file target11.cif (mmCIF, C-alpha atoms and all ligand atoms)
data_start
loop_
_atom_site.label_atom_id
_atom_site.label_comp_id
_atom_site.auth_asym_id
_atom_site.auth_seq_id
_atom_site.Cartn_x
_atom_site.Cartn_y
_atom_site.Cartn_z
CA MET L 4 11.19 17.43 -1.76
CA ALA L 5 11.05 15.78 -5.20
CA LEU L 6 13.96 13.44 -5.87
CA ASN L 7 16.53 14.45 -8.45
CA THR L 8 16.51 11.08 -10.22
CA ASP L 9 19.07 12.20 -12.86
CA LYS L 10 21.58 12.92 -10.11
CA ILE L 11 20.73 9.72 -8.24
CA ARG L 12 20.94 7.56 -11.37
CA ALA L 13 24.42 8.89 -12.10
CA ASP L 14 25.60 7.12 -8.91
CA PHE L 15 24.49 3.65 -10.06
CA PRO L 16 26.93 2.04 -12.54
CA ILE L 17 24.36 -0.43 -13.91
CA LEU L 18 22.05 2.46 -14.86
CA ASN L 19 24.80 4.11 -16.88
CA SER L 20 25.61 1.11 -19.02
CA GLY L 21 24.76 0.95 -22.76
CA LYS L 22 21.17 -0.19 -22.33
CA PRO L 23 20.10 0.34 -18.73
CA PRO L 24 17.36 -1.95 -17.43
CA VAL L 25 14.05 -0.72 -16.10
CA TYR L 26 14.77 -2.25 -12.73
CA PHE L 27 11.47 -2.94 -10.95
CA ASP L 28 12.64 -5.79 -8.69
CA ASN L 29 13.64 -3.67 -5.72
CA ALA L 30 11.60 -5.60 -3.15
CA CYS L 31 13.94 -8.51 -3.85
CA MET L 32 17.19 -6.58 -3.96
CA THR L 33 18.08 -2.98 -4.75
CA LEU L 34 20.94 -1.79 -6.94
CA ARG L 35 24.05 -0.31 -5.32
CA PRO L 36 25.50 3.19 -5.74
CA GLN L 37 29.19 3.75 -6.40
CA GLN L 38 29.55 5.13 -2.86
CA VAL L 39 28.68 1.70 -1.41
CA ILE L 40 30.85 -0.15 -3.92
CA ASP L 41 33.78 2.16 -3.06
CA LYS L 42 33.37 1.51 0.64
CA ILE L 43 33.41 -2.27 0.11
CA CYS L 44 36.56 -1.90 -2.01
CA GLU L 45 38.13 0.34 0.62
CA TYR L 46 37.96 -2.54 3.11
CA TYR L 47 39.53 -5.06 0.73
CA VAL L 48 42.18 -2.64 -0.53
CA GLU L 49 43.14 -0.66 2.57
CA TYR L 50 42.49 -2.79 5.68
CA PRO L 51 41.55 -6.36 4.73
CA GLY L 52 41.95 -7.83 8.22
CA CYS L 53 39.69 -8.99 11.04
CA ALA L 54 38.13 -6.99 13.83
CA GLY L 55 38.40 -7.42 17.55
CA ARG L 56 41.17 -10.03 17.75
CA SER L 57 44.63 -8.96 16.63
CA LEU L 58 46.28 -5.88 18.08
CA HIS L 59 48.14 -4.69 14.97
CA SER L 60 47.22 -1.43 13.32
CA MET L 61 45.31 -2.96 10.38
CA ALA L 62 43.09 -4.94 12.73
CA ARG L 63 42.50 -1.81 14.79
CA MET L 64 41.31 -0.05 11.63
CA VAL L 65 38.85 -2.85 10.86
CA THR L 66 37.57 -2.76 14.45
CA GLU L 67 37.11 1.01 14.25
CA ASN L 68 35.21 0.82 10.95
CA TYR L 69 33.13 -2.21 12.00
CA ASN L 70 32.13 -0.58 15.30
CA GLY L 71 31.48 2.68 13.46
CA ALA L 72 29.16 0.85 11.05
CA ARG L 73 27.21 -0.60 13.96
CA GLU L 74 26.83 2.84 15.56
CA ASN L 75 25.72 4.38 12.28
CA VAL L 76 23.05 1.70 11.78
CA GLN L 77 21.98 2.16 15.42
CA HIS L 78 21.49 5.92 14.94
CA PHE L 79 19.71 5.47 11.61
CA PHE L 80 17.03 3.35 13.29
CA ASN L 81 17.17 5.35 16.55
CA ALA L 82 18.01 2.34 18.71
CA GLY L 83 19.19 3.02 22.27
CA ASP L 84 22.60 1.37 22.18
CA SER L 85 24.94 -0.04 19.54
CA SER L 86 25.21 -3.34 21.47
CA GLU L 87 21.54 -3.88 20.57
CA ILE L 88 22.45 -4.13 16.86
CA ILE L 89 23.55 -7.59 15.74
CA PHE L 90 24.87 -7.97 12.22
CA THR L 91 23.39 -10.99 10.44
CA ARG L 92 23.44 -12.27 6.87
CA ASN L 93 19.89 -11.10 6.22
CA THR L 94 16.39 -10.75 7.66
CA THR L 95 15.93 -14.52 7.61
CA GLU L 96 18.92 -15.11 9.84
CA ALA L 97 17.87 -12.27 12.16
CA ILE L 98 14.43 -13.83 12.66
CA ASN L 99 16.06 -17.22 13.26
CA VAL L 100 18.25 -15.76 16.01
CA VAL L 101 15.02 -14.95 17.87
CA SER L 102 12.99 -18.01 16.88
CA ARG L 103 15.72 -20.43 17.91
CA GLY L 104 16.83 -18.43 20.92
CA MET L 105 13.56 -17.81 22.76
CA ASN L 106 12.61 -20.00 25.69
CA PHE L 107 9.04 -21.10 24.93
CA LYS L 108 6.95 -23.51 26.94
CA LYS L 109 4.61 -26.00 25.28
CA ASP L 110 1.36 -24.26 24.26
CA ASP L 111 2.88 -20.77 24.31
CA VAL L 112 1.38 -18.87 21.38
CA VAL L 113 3.16 -16.98 18.57
CA LEU L 114 0.89 -14.78 16.46
CA THR L 115 1.67 -13.81 12.87
CA THR L 116 -0.36 -12.29 10.04
CA ASP L 117 -1.71 -14.36 7.15
CA ARG L 118 0.82 -12.91 4.65
CA GLU L 119 4.19 -13.71 6.15
CA HIS L 120 7.26 -14.27 4.04
CA ASN L 121 8.45 -17.86 4.58
CA SER L 122 11.24 -16.34 6.69
CA ASN L 123 8.70 -15.39 9.35
CA LEU L 124 6.54 -18.47 8.97
CA VAL L 125 8.76 -21.54 8.70
CA PRO L 126 10.74 -20.76 11.91
CA TRP L 127 7.44 -20.87 13.86
CA LEU L 128 6.22 -24.00 12.11
CA VAL L 129 9.49 -25.69 13.01
CA ARG L 130 9.18 -24.68 16.67
CA SER L 131 5.55 -25.89 16.68
CA GLU L 132 6.69 -29.28 15.41
CA ARG L 133 9.67 -29.49 17.73
CA ASP L 134 8.52 -27.86 20.95
CA GLY L 135 4.72 -27.84 20.80
CA ILE L 136 4.27 -24.06 20.66
CA LYS L 137 1.08 -22.86 19.01
CA HIS L 138 1.40 -20.74 15.89
CA LYS L 139 -1.78 -18.75 15.20
CA VAL L 140 -2.57 -16.60 12.20
CA VAL L 141 -4.45 -13.29 12.31
CA GLU L 142 -6.41 -13.21 9.08
CA SER L 143 -6.60 -9.91 7.22
CA ASN L 144 -9.72 -8.04 6.14
CA VAL L 145 -11.11 -8.88 2.69
CA ASP L 146 -9.13 -5.98 1.17
CA ASN L 147 -5.94 -7.35 2.78
CA THR L 148 -5.69 -4.58 5.38
CA PHE L 149 -4.98 -5.49 9.02
CA ASP L 150 -8.01 -6.67 11.03
CA MET L 151 -7.44 -4.94 14.36
CA ALA L 152 -10.63 -6.29 15.94
CA ARG L 153 -9.67 -9.86 15.09
CA PHE L 154 -6.17 -9.28 16.46
CA GLU L 155 -7.55 -7.92 19.73
CA ASP L 156 -9.86 -10.95 19.98
CA MET L 157 -6.88 -13.29 19.54
CA MET L 158 -4.66 -11.58 22.11
CA THR L 159 -4.56 -13.55 25.38
CA ARG L 160 -1.98 -14.02 28.12
CA ASP L 161 -0.83 -17.19 26.28
CA VAL L 162 0.54 -15.10 23.44
CA LYS L 163 4.25 -14.76 24.15
CA LEU L 164 5.32 -13.23 20.86
CA VAL L 165 3.63 -11.27 18.08
CA SER L 166 5.91 -11.63 15.06
CA MET L 167 4.62 -9.78 12.02
CA VAL L 168 5.67 -8.49 8.65
CA HIS L 169 5.78 -4.69 8.98
CA THR L 170 5.44 -3.91 5.27
CA SER L 171 4.38 -6.85 3.11
CA ASN L 172 6.43 -7.90 0.11
CA LEU L 173 3.22 -9.42 -1.25
CA ASP L 174 1.36 -6.15 -1.78
CA GLY L 175 3.27 -3.30 -0.07
CA TYR L 176 0.72 -2.88 2.73
CA THR L 177 2.06 -1.67 6.11
CA ILE L 178 0.41 -2.85 9.33
CA PRO L 179 -0.40 -0.30 12.08
CA ALA L 180 2.64 -1.39 14.09
CA GLU L 181 2.50 1.18 16.87
CA LYS L 182 -1.02 0.21 17.89
CA ILE L 183 -0.28 -3.52 17.58
CA ILE L 184 2.78 -3.15 19.82
CA LYS L 185 0.84 -1.26 22.49
CA ILE L 186 -1.90 -3.89 22.59
CA ALA L 187 0.58 -6.79 22.64
CA HIS L 188 2.54 -5.20 25.49
CA ASP L 189 -0.68 -4.76 27.49
CA TYR L 190 -0.99 -8.55 27.38
CA GLY L 191 2.67 -9.05 28.34
CA ALA L 192 3.65 -10.28 24.85
CA LEU L 193 6.82 -9.31 22.99
CA VAL L 194 6.73 -8.00 19.42
CA MET L 195 9.11 -8.65 16.54
CA LEU L 196 8.70 -6.79 13.25
CA ASP L 197 9.98 -8.23 10.00
CA GLY L 198 11.23 -4.93 8.59
CA ALA L 199 12.72 -6.26 5.35
CA GLN L 200 10.33 -4.10 3.31
CA SER L 201 9.77 -1.23 5.74
CA ALA L 202 13.35 -0.29 6.64
CA PRO L 203 14.29 0.79 3.08
CA HIS L 204 11.14 2.83 2.54
CA LYS L 205 9.85 4.48 5.67
CA LYS L 206 11.12 6.11 8.83
CA ILE L 207 11.81 3.50 11.50
CA ASP L 208 12.15 4.97 14.97
CA ILE L 209 12.82 1.99 17.20
CA LYS L 210 12.54 3.92 20.46
CA LYS L 211 9.24 5.50 19.45
CA LEU L 212 7.82 2.20 18.19
CA ASP L 213 8.95 0.50 21.41
CA VAL L 214 9.36 -2.69 19.37
CA ASP L 215 11.21 -5.56 21.07
CA PHE L 216 12.95 -7.06 18.01
CA PHE L 217 13.34 -5.65 14.51
CA ALA L 218 14.89 -7.53 11.56
CA CYS L 219 15.95 -6.17 8.18
CA SER L 220 18.33 -6.71 5.23
CA GLY L 221 21.00 -4.31 3.93
CA HIS L 222 20.66 -5.59 0.35
CA LYS L 223 17.10 -4.26 0.13
CA MET L 224 18.31 -0.75 0.96
CA LEU L 225 21.34 -0.23 -1.32
CA GLY L 226 23.73 -2.32 0.80
CA PRO L 227 25.93 -5.26 -0.18
CA SER L 228 24.28 -8.64 -0.65
CA GLY L 229 24.23 -10.97 2.35
CA ILE L 230 24.19 -8.42 5.17
CA GLY L 231 21.35 -7.65 7.55
CA MET L 232 20.67 -6.88 11.16
CA LEU L 233 18.66 -7.78 14.20
CA TYR L 234 17.78 -5.11 16.73
CA GLY L 235 16.76 -6.39 20.15
CA LYS L 236 16.22 -4.68 23.50
CA LYS L 237 19.32 -5.33 25.59
CA GLU L 238 17.60 -7.28 28.37
CA LEU L 239 15.73 -9.44 25.83
CA LEU L 240 18.84 -10.24 23.80
CA SER L 241 20.57 -11.21 27.03
CA ASP L 242 17.75 -13.74 27.64
CA LEU L 243 18.06 -15.38 24.19
CA ASN L 244 20.09 -18.57 23.79
CA PRO L 245 22.72 -18.08 21.07
CA HIS L 246 22.28 -20.91 18.55
CA ASN L 247 25.45 -20.36 16.58
CA VAL L 248 28.39 -20.54 18.96
CA GLY L 249 32.17 -20.73 18.79
CA GLY L 250 34.86 -18.10 18.21
CA ASP L 251 34.06 -14.60 19.51
CA THR L 252 30.85 -15.73 21.24
CA VAL L 253 32.82 -16.63 24.37
CA ILE L 254 35.37 -14.84 26.51
CA ASP L 255 36.83 -17.96 28.08
CA THR L 256 36.67 -21.75 27.87
CA THR L 257 37.94 -24.78 29.74
CA TYR L 258 37.59 -28.41 28.59
CA SER L 259 34.31 -28.54 30.43
CA GLY L 260 32.82 -25.06 30.26
CA TYR L 261 32.58 -21.67 28.59
CA LYS L 262 31.76 -18.08 29.47
CA LEU L 263 29.60 -16.28 26.93
CA SER L 264 30.68 -12.88 25.59
CA GLY L 265 28.50 -9.84 26.12
CA LEU L 266 26.33 -8.18 23.47
CA PRO L 267 26.51 -8.15 20.53
CA GLU L 268 29.50 -10.55 20.22
CA ARG L 269 27.69 -13.61 21.58
CA PHE L 270 25.46 -13.54 18.51
CA GLU L 271 28.20 -12.93 15.91
CA ALA L 272 30.08 -16.22 15.78
CA GLY L 273 33.38 -16.45 13.91
CA LEU L 274 34.92 -13.93 11.53
CA GLN L 275 32.32 -11.56 10.14
CA ASP L 276 31.39 -9.92 6.86
CA TYR L 277 33.29 -6.71 7.68
CA ALA L 278 33.04 -5.35 4.14
CA GLY L 279 29.31 -6.09 4.24
CA ALA L 280 28.73 -4.22 7.48
CA ILE L 281 30.87 -1.28 6.39
CA GLY L 282 29.04 -1.22 3.03
CA PHE L 283 25.68 -1.39 4.85
CA SER L 284 26.71 1.69 6.81
CA ALA L 285 27.59 3.50 3.57
CA ALA L 286 24.15 2.53 2.21
CA VAL L 287 22.53 3.99 5.32
CA ASP L 288 24.46 7.22 4.71
CA TYR L 289 23.21 7.31 1.13
CA VAL L 290 19.57 6.75 2.18
CA ARG L 291 19.93 9.39 4.90
CA GLY L 292 21.31 11.83 2.33
CA ILE L 293 18.26 11.37 0.09
CA GLY L 294 15.84 11.52 3.04
CA ILE L 295 13.56 8.63 3.93
CA ASP L 296 10.37 10.72 3.72
CA ASN L 297 11.36 11.89 0.24
CA ILE L 298 11.88 8.23 -0.71
CA SER L 299 8.42 7.20 0.55
CA ARG L 300 6.79 10.08 -1.36
CA HIS L 301 8.65 9.31 -4.58
CA GLU L 302 7.69 5.62 -4.54
CA LEU L 303 4.09 6.38 -3.77
CA ASN L 304 3.85 8.86 -6.66
CA LEU L 305 5.25 6.24 -9.06
CA ASN L 306 2.90 3.58 -7.69
CA LYS L 307 -0.12 5.87 -8.12
CA LEU L 308 0.88 6.43 -11.76
CA MET L 309 1.38 2.69 -12.36
CA THR L 310 -1.92 1.81 -10.69
CA LEU L 311 -3.83 4.40 -12.74
CA GLY L 312 -2.08 3.39 -15.95
CA ILE L 313 -3.00 -0.30 -15.77
CA LYS L 314 -6.52 -0.05 -14.38
CA ASP L 315 -8.21 -0.59 -17.76
CA ILE L 316 -6.28 -3.73 -18.72
CA SER L 317 -8.93 -6.43 -18.95
CA GLY L 318 -8.74 -9.26 -16.40
CA LEU L 319 -6.09 -7.49 -14.32
CA ASP L 320 -6.47 -7.82 -10.58
CA ILE L 321 -4.31 -5.95 -8.07
CA ILE L 322 -3.26 -7.89 -4.95
CA GLY L 323 -3.97 -5.95 -1.76
CA PRO L 324 -5.74 -2.65 -1.29
CA GLY L 325 -6.87 -0.96 -4.52
CA ASP L 326 -5.72 2.41 -3.16
CA ALA L 327 -2.07 2.81 -4.19
CA SER L 328 -1.40 5.06 -1.21
CA LEU L 329 -1.72 1.95 1.02
CA ARG L 330 0.82 -0.05 -1.01
CA GLY L 331 4.06 1.98 -0.82
CA GLY L 332 6.24 1.15 -3.82
CA ILE L 333 4.77 -2.28 -4.66
CA LEU L 334 2.29 -3.18 -7.39
CA SER L 335 1.49 -6.89 -7.42
CA PHE L 336 -1.08 -8.19 -9.87
CA SER L 337 -2.44 -11.16 -11.74
CA VAL L 338 -4.02 -11.17 -15.21
CA GLU L 339 -6.77 -13.69 -15.82
CA GLY L 340 -5.67 -16.55 -18.05
CA ILE L 341 -2.02 -15.45 -18.36
CA SER L 342 0.83 -16.84 -16.29
CA PRO L 343 2.70 -14.14 -14.33
CA HIS L 344 5.95 -15.86 -15.37
CA ASP L 345 5.07 -15.38 -19.05
CA ILE L 346 4.23 -11.73 -18.41
CA VAL L 347 7.50 -10.87 -16.71
CA MET L 348 9.61 -12.86 -19.18
CA LEU L 349 8.07 -11.04 -22.12
CA LEU L 350 8.41 -7.66 -20.39
CA ASP L 351 12.11 -8.39 -19.94
CA GLN L 352 12.62 -9.60 -23.52
CA SER L 353 10.64 -6.79 -25.14
CA SER L 354 11.56 -3.82 -22.94
CA SER L 355 14.28 -4.83 -20.43
CA ILE L 356 11.77 -4.44 -17.61
CA MET L 357 12.93 -6.55 -14.66
CA MET L 358 10.20 -7.75 -12.31
CA ARG L 359 9.46 -10.73 -10.12
CA SER L 360 6.81 -13.40 -10.67
CA GLY L 361 5.48 -16.29 -8.59
CA ALA L 362 4.70 -16.61 -4.90
CA HIS L 363 7.40 -14.17 -3.68
CA CYS L 364 8.08 -16.61 -0.79
CA VAL L 365 4.53 -16.03 0.50
CA HIS L 366 3.28 -19.42 -0.74
CA SER L 367 0.91 -19.79 2.22
CA TRP L 368 -1.12 -16.72 1.18
CA PHE L 369 -1.33 -17.75 -2.48
CA ASN L 370 -2.32 -21.30 -1.48
CA ALA L 371 -5.03 -19.98 0.86
CA HIS L 372 -6.35 -17.72 -1.92
CA LYS L 373 -6.19 -20.46 -4.57
CA LEU L 374 -3.82 -18.53 -6.79
CA PRO L 375 -1.26 -21.27 -7.54
CA ASN L 376 0.64 -19.21 -10.13
CA GLY L 377 1.22 -16.26 -7.81
CA SER L 378 1.47 -12.75 -9.20
CA ALA L 379 3.67 -10.41 -11.21
CA ARG L 380 5.24 -7.77 -8.99
CA ALA L 381 6.71 -4.36 -9.84
CA SER L 382 8.57 -2.69 -6.98
CA VAL L 383 10.21 0.72 -7.34
CA TYR L 384 12.94 2.64 -5.56
CA ILE L 385 14.80 5.95 -5.61
CA TYR L 386 16.26 5.69 -9.14
CA ASN L 387 13.03 4.77 -10.91
CA THR L 388 11.36 7.47 -12.97
CA LYS L 389 8.01 8.50 -14.42
CA ASP L 390 9.40 7.71 -17.89
CA GLU L 391 10.12 4.14 -16.80
CA VAL L 392 6.59 3.86 -15.46
CA LYS L 393 5.29 4.97 -18.88
CA VAL L 394 7.44 2.32 -20.58
CA PHE L 395 6.04 -0.29 -18.18
CA ILE L 396 2.38 0.67 -18.71
CA GLU L 397 2.73 0.62 -22.49
CA ALA L 398 4.71 -2.62 -22.56
CA LEU L 399 2.32 -4.41 -20.20
CA GLY L 400 -0.65 -3.43 -22.39
CA LYS L 401 1.14 -4.87 -25.45
CA VAL L 402 2.15 -8.08 -23.64
CA VAL L 403 -1.43 -8.72 -22.48
CA ASP L 404 -2.74 -8.01 -26.02
CA PHE L 405 -0.17 -10.45 -27.42
CA PHE L 406 -1.30 -13.27 -25.11
CA ARG L 407 -4.98 -12.54 -25.69
CA LYS L 408 -4.46 -12.85 -29.47
CA ASN L 409 -2.21 -15.94 -29.40
C1 LIG L 501 8.91 -9.20 3.99
C2 LIG L 501 10.16 -9.99 3.84
N1 LIG L 501 10.63 -10.68 4.88
C3 LIG L 501 11.76 -11.40 4.80
C4 LIG L 501 12.46 -11.46 3.62
C5 LIG L 501 13.72 -12.26 3.59
O1 LIG L 501 14.78 -11.40 3.36
P1 LIG L 501 16.25 -12.01 3.17
O2 LIG L 501 16.17 -12.92 1.98
O3 LIG L 501 17.09 -10.82 2.94
O4 LIG L 501 16.55 -12.76 4.40
C6 LIG L 501 12.01 -10.78 2.50
C7 LIG L 501 12.72 -10.87 1.22
O5 LIG L 501 12.19 -10.59 0.17
C8 LIG L 501 10.83 -10.02 2.62
O6 LIG L 501 10.35 -9.33 1.59
#
call {"tool": "encode", "arguments": {"input": "target11.cif", "output": "structure tokens"}}
result
Amino acid sequence: MALNTDKIRADFPILNSGKPPVYFDNACMTLRPQQVIDKICEYYVEYPGCAGRSLHSMARMVTENYNGARENVQHFFNAGDSSEIIFTRNTTEAINVVSRGMNFKKDDVVLTTDREHNSNLVPWLVRSERDGIKHKVVESNVDNTFDMARFEDMMTRDVKLVSMVHTSNLDGYTIPAEKIIKIAHDYGALVMLDGAQSAPHKKIDIKKLDVDFFACSGHKMLGPSGIGMLYGKKELLSDLNPHNVGGDTVIDTTYSGYKLSGLPERFEAGLQDYAGAIGFSAAVDYVRGIGIDNISRHELNLNKLMTLGIKDISGLDIIGPGDASLRGGILSFSVEGISPHDIVMLLDQSSSIMMRSGAHCVHSWFNAHKLPNGSARASVYIYNTKDEVKVFIEALGKVVDFFRKN
């Protein structure tokens, strides 16, 4: 079903201001609908207490709403049990819960792709330095698609974890996760998906994927900023060492010992971002109401239009597969001889088009490809329209002409 963007846009206060932006920086952070803002306010206005500790009625309300948010997120991703959902600040923290918590032996191997966000690269580099694990990179095909043959060649019994970006923020490409997970499991390896860019845009069925860990951020899918989650299979979470410990992570202490709480409490130390979790749940409701398949289709249609519209700009090179249908809602490009920072700054000044420029926290890929300036990236979401795409295509043509002449 085609999205009713007029109706959707009416829910987003920033899009109903005097001069609304053409907001194309959704891979970084999406905008928030009034429904999410209202839910955050509801917490601060109606029950601004803490969950799980006090027995008074306000605390019970927080507990009810916080637990309800966890269950809602669990059902959205079709996870087996709400105790397998740990609220975190973001994807980065979720990945760190696993990277710091896993018991590796020296020379155990962790496999990633060659286009990981720093959040799924640095944690493994740190563990290599500290504990002698081996971090190995599966290089992509020339067109930046996943090289399954190379992956299969690199899979051995030494690989303990395959930790990969599900949908890349670099170019929007999605790896064939189901097949990767099956192969990894055949070798006895666990799999973690960095779902920061997949969760907001495509159906994630955790049970069907049979993934062991899945990390994502609420603020990339209409939720409040600074909230995310880690899904982990119960038995695997129970095996992780909590790295952030203190209040709520234990059920009892003496001066010489402690008893850890069960799941998920042992991973949620101290008072939590209750408004964030409750707002995340409201965001999940909003996404569910629009329909995730409708969202994927809408983004793809806009990306096809953008890709077609810019193909004749001289010196423009798209990062990743040329075929827009392999890049979801992301169009990342460089233009020969023009800095991506200059392009996005002029697009903002001339036409209020808001995009991202630089390495997008995937420095390793840009360094390996000798593109020190990075790229300009347009990323769309549910409220973006064909008219905005037209504005973008026209403005980009003018900006490139301007730099060519000056
Ligand atoms: C693929 C990917 N992984 C991880 C992250 C980190 O997300 P966060 O900053 O919410 O932790 C991002 C953010 O852009 C991302 O795109």
call {"tool": "residues_near_point", "arguments": {"input": "target11.cif", "point": "(13.6, -6.1, -23.6)", "cutoff": "12 Å", "atoms": "all atoms listed in the file", "output": "list in words"}}
result
Lys22, Pro23, Pro24, Val25, Tyr26, Val347, Met348, Leu349, Leu350, Asp351, Gln352, Ser353, Ser354, Ser355, Ile356, Met357, Met358, Val394, Phe395, Ala398, Leu399 and Val402 of chain L
call {"tool": "residues_around", "arguments": {"input": "target11.cif", "residues": "L:Leu319", "least_positions_apart": "3", "cutoff": "7 Å", "atoms": "only C-alpha atoms", "output": "VMD selection string"}}
result
chain L and resid 316 336 to 339
call {"tool": "residues_near_ligand", "arguments": {"input": "target11.cif", "ligand": "ligand LIG 501 (chain L)", "cutoff": "7 Å", "atoms": "only C-alpha atoms and all ligand atoms", "output": "list in words"}}
result
Ala30, Cys31, Asn93, Thr94, Thr95, Glu96, Glu119, His120, Ser122, Asn123, Val168, Thr170, Ser171, Asn172, Asp197, Gly198, Ala199, Gln200, Ser220 and His222 of chain L
call {"tool": "closest_atom_pairs", "arguments": {"input": "target11.cif", "of": "stretch 208-304 of chain L", "to": "stretch 144-166 of chain L", "cutoff": "12 Å", "atoms": "all atoms listed in the file", "output": "CSV"}}
result
residue,atom,partner,partner_atom,distance
L:Val214,CA,L:Val165,CA,10.4
L:Asp215,CA,L:Leu164,CA,9.7
L:Phe216,CA,L:Ser166,CA,8.9
L:Phe217,CA,L:Ser166,CA,9.6
L:Ala218,CA,L:Ser166,CA,10.5
call {"tool": "write_last_selection", "arguments": {"input": "target11.cif", "atoms": "C-alpha atoms", "output": "PDB file, keeping the file's coordinate frame"}}
result
ATOM      1  CA  VAL L 214       9.360  -2.690  19.370  1.00  0.00           C
ATOM      2  CA  ASP L 215      11.210  -5.560  21.070  1.00  0.00           C
ATOM      3  CA  PHE L 216      12.950  -7.060  18.010  1.00  0.00           C
ATOM      4  CA  PHE L 217      13.340  -5.650  14.510  1.00  0.00           C
ATOM      5  CA  ALA L 218      14.890  -7.530  11.560  1.00  0.00           C
TER       6      ALA L 218
END
call {"tool": "closest_residue", "arguments": {"input": "target11.cif", "among": "L:Arg103, L:Arg407, L:Arg12, L:His204", "to": "L:Gln37", "atoms": "all atoms listed in the file"}}
result
L:Arg12
call {"tool": "closest_residue", "arguments": {"input": "target11.cif", "among": "L:Tyr176, L:Phe283, L:Phe369, L:Phe406", "to": "L:Asp41", "atoms": "all atoms listed in the file"}}
result
L:Phe283
call {"tool": "atom_distance", "arguments": {"input": "target11.cif", "atom1": "atom CA of L:Leu334", "atom2": "atom CA of L:Ala379"}}
result
8.3 Å
call {"tool": "atom_distance", "arguments": {"input": "target11.cif", "atom1": "atom CA of L:Val403", "atom2": "atom CA of L:Asp345"}}
result
9.9 Å
